[in-house]
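Undergrad: This is the structure I have questions about; it appears just below.
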Amino acid sequence: QVRLVESGGGVVQPGGSLRLSCVVSSPTSDPYAMAWFRQAPGKEREIVAAISWAGKNLNYVDSVAGRFTISRDDVKNTVDLQMDRLNTDDTAVYYCARAQIPYSIDLHDPEQFTVWGQGTQVTVSS
């Protein structure tokens with residue numbers, strides 16, 4: 001059973017940056033798309049960013065495009081989310097997730113991600 005462990009959350013002022021990291025217990029070179037989701041209080045969970053199994057295709061929700069960058073390191077078995085120019089709307093619990101089916105190419109479908117980490121809290125506050 002693959003395990004995902006997130007880290008890097010914390011409290012940051014508006015305009016600041018954080019880098020989240022997800023350690024995957026199985027090789028990230030395995031052909032699965034990976035994604036970061038978030039869930040704010042009182043809101044539904046939403047997909048924030050996704051990266052294809054080979055890292056060539058990326059997808060971002062409009063609200064973070066140009067500010068967040070998803071990447072994967074198949075040597076370290078990690079998937080990172082660099083978050084810049086954070087604002088209060090980015091406050092949420094952030095989850096790392098892996099697709100259920102290998103070689104998926106549709107990064108817009110959140111339902112394909114079925115393996116989850118425990119989440120890490122990101123709070124943007126002045």
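Just remember, in the structure tokens the first chain shown is A, the second B, etc., residues are 1-based per chain, and ligands are 1-based in the order shown.
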Need to verify the contact set: A:Leu86, 12 Å, only C-alpha atoms, exclusion of same-chain residues closer than 4 positions in sequence. Can you return it as a list in words?
TA: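 Returned residues: Val11, Val12, Gln13, Pro14, Gly15, Gly16, Ser17, Leu18, Arg19, Ser63, Val64, Ala65, Gly66, Arg67, Phe68, Gln82, Asp90, Thr91, Ala92, Val122, Thr123, Val124, Ser125 and Ser126 of chain A.
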Undergrad: How would the residues just chosen look if you wrote them out with N, CA and C atoms as a CSV table (one decimal), in the first residue's frame?
TA:
```csv
chain,number,residue,atom,x,y,z
A,11,VAL,N,2.4,29.0,8.9
A,11,VAL,CA,1.7,30.3,8.9
A,11,VAL,C,2.6,31.2,8.1
A,12,VAL,N,2.0,32.0,7.2
A,12,VAL,CA,2.8,32.9,6.4
A,12,VAL,C,2.0,34.2,6.2
A,13,GLN,N,2.6,35.3,6.0
A,13,GLN,CA,1.9,36.5,5.8
A,13,GLN,C,1.5,36.6,4.3
A,14,PRO,N,0.5,37.4,4.0
A,14,PRO,CA,0.1,37.6,2.6
A,14,PRO,C,1.3,38.1,1.8
A,15,GLY,N,1.4,37.6,0.6
A,15,GLY,CA,2.6,37.9,-0.3
A,15,GLY,C,3.8,37.0,-0.1
A,16,GLY,N,3.7,36.2,0.9
A,16,GLY,CA,4.8,35.3,1.2
A,16,GLY,C,4.8,34.0,0.4
A,17,SER,N,5.7,33.1,0.7
A,17,SER,CA,5.9,31.8,0.0
A,17,SER,C,6.0,30.7,0.9
A,18,LEU,N,5.6,29.5,0.5
A,18,LEU,CA,5.8,28.3,1.2
A,18,LEU,C,6.1,27.2,0.1
A,19,ARG,N,6.8,26.2,0.5
A,19,ARG,CA,7.0,25.0,-0.4
A,19,ARG,C,6.5,23.8,0.4
A,63,SER,N,-7.2,29.9,-10.0
A,63,SER,CA,-6.9,30.8,-8.9
A,63,SER,C,-5.4,30.8,-8.5
A,64,VAL,N,-4.7,29.8,-8.9
A,64,VAL,CA,-3.3,29.7,-8.5
A,64,VAL,C,-2.3,29.7,-9.7
A,65,ALA,N,-2.9,29.7,-10.9
A,65,ALA,CA,-2.0,29.7,-12.1
A,65,ALA,C,-1.1,30.9,-12.0
A,66,GLY,N,0.2,30.7,-12.3
A,66,GLY,CA,1.1,31.8,-12.3
A,66,GLY,C,1.7,32.1,-10.9
A,67,ARG,N,1.1,31.5,-9.9
A,67,ARG,CA,1.7,31.7,-8.5
A,67,ARG,C,2.2,30.4,-7.9
A,68,PHE,N,1.6,29.2,-8.3
A,68,PHE,CA,2.0,27.9,-7.7
A,68,PHE,C,2.7,27.1,-8.8
A,82,GLN,N,5.4,24.5,-4.9
A,82,GLN,CA,6.0,25.8,-4.6
A,82,GLN,C,4.8,26.8,-4.7
A,90,ASP,N,-5.8,31.4,0.1
A,90,ASP,CA,-5.1,30.1,0.0
A,90,ASP,C,-5.0,29.3,1.3
A,91,THR,N,-5.6,29.9,2.3
A,91,THR,CA,-5.6,29.2,3.6
A,91,THR,C,-6.5,27.9,3.5
A,92,ALA,N,-5.9,26.8,3.8
A,92,ALA,CA,-6.6,25.5,3.7
A,92,ALA,C,-5.7,24.4,4.2
A,122,VAL,N,-2.0,25.1,5.8
A,122,VAL,CA,-1.4,26.3,5.3
A,122,VAL,C,-2.3,27.5,5.8
A,123,THR,N,-1.8,28.4,6.5
A,123,THR,CA,-2.5,29.5,7.0
A,123,THR,C,-1.8,30.8,6.5
A,124,VAL,N,-2.6,31.6,5.8
A,124,VAL,CA,-2.1,32.9,5.3
A,124,VAL,C,-2.8,34.0,6.1
A,125,SER,N,-2.0,34.7,6.9
A,125,SER,CA,-2.6,35.7,7.8
A,125,SER,C,-1.6,36.8,8.1
A,126,SER,N,-2.1,38.0,8.2
A,126,SER,CA,-1.3,39.1,8.7
A,126,SER,C,-1.3,39.3,10.2
```
Undergrad: Residues within 12 Å of A:Thr69, please, as a count of residues only. Count only C-alpha atoms; anything in the same chain fewer than 4 positions from it doesn't count.
TA: 24
Undergrad: Tell me, as a list of chain:residue names, which residues lie within 9 Å of A:Gln118, counting only C-alpha atoms; anything in the same chain fewer than 6 positions away does not count.
TA: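 Surrounding residues, per the criterion: A:Leu4, A:Val5, A:Glu6, A:Tyr94, A:Tyr95, A:Cys96.
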Undergrad: Between A:Asn87, A:Ile101, A:Val93, A:Glu111, which has the minimum distance to A:Gly8 (counting only C-alpha atoms)?
TA: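 Once distances to A:Gly8 are computed over only C-alpha atoms, the minimum belongs to A:Val93.
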Undergrad: I need the residues in stretch 9-67 of chain A that are strand (DSSP E or B) according to DSSP; give them as a list in words.
TA: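 The strand (DSSP E or B) residues within stretch 9-67 of chain A come out as Gly10, Val11, Val12, Leu18, Arg19, Leu20, Ser21, Cys22, Val23, Val24, Met34, Ala35, Trp36, Phe37, Arg38, Gln39, Glu46, Ile47, Val48, Ala49, Ala50, Ile51, Leu58, Asn59 and Tyr60 of chain A.
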Undergrad: Select, from A:Asp89, A:Asp73, A:Asp62, A:Glu46, the residue with the minimum atom-to-atom distance to A:Pro110, counting only C-alpha atoms.
TA: A:Glu46
Undergrad: Per DSSP on the backbone, filter stretch 14-115 of chain A down to the residues in helix (DSSP H, G or I) and report them as a PyMOL selection string.
TA: chain A and resi 88-90+110-112
Undergrad: Rank nothing, just name the residue among A:Ser52, A:Thr120, A:Asn77, A:Asn57 nearest to A:Pro102, using only C-alpha atoms.
TA: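 Ranking A:Ser52, A:Thr120, A:Asn77, A:Asn57 by distance to A:Pro102, first place goes to A:Ser52.
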Undergrad: Rounded to one decimal place, report the atom CA of A:Gly42-atom CA of A:Arg3 distance in Å.
TA: 26.8 Å
Undergrad: Quick one, how far is atom CA of A:Ser7 from atom CA of A:Gly117?
TA: 10.0 Å
Undergrad: Which distance in Å separates atom CA of A:Arg45 and atom CA of A:Thr88, to one decimal?
TA: 16.6 Å
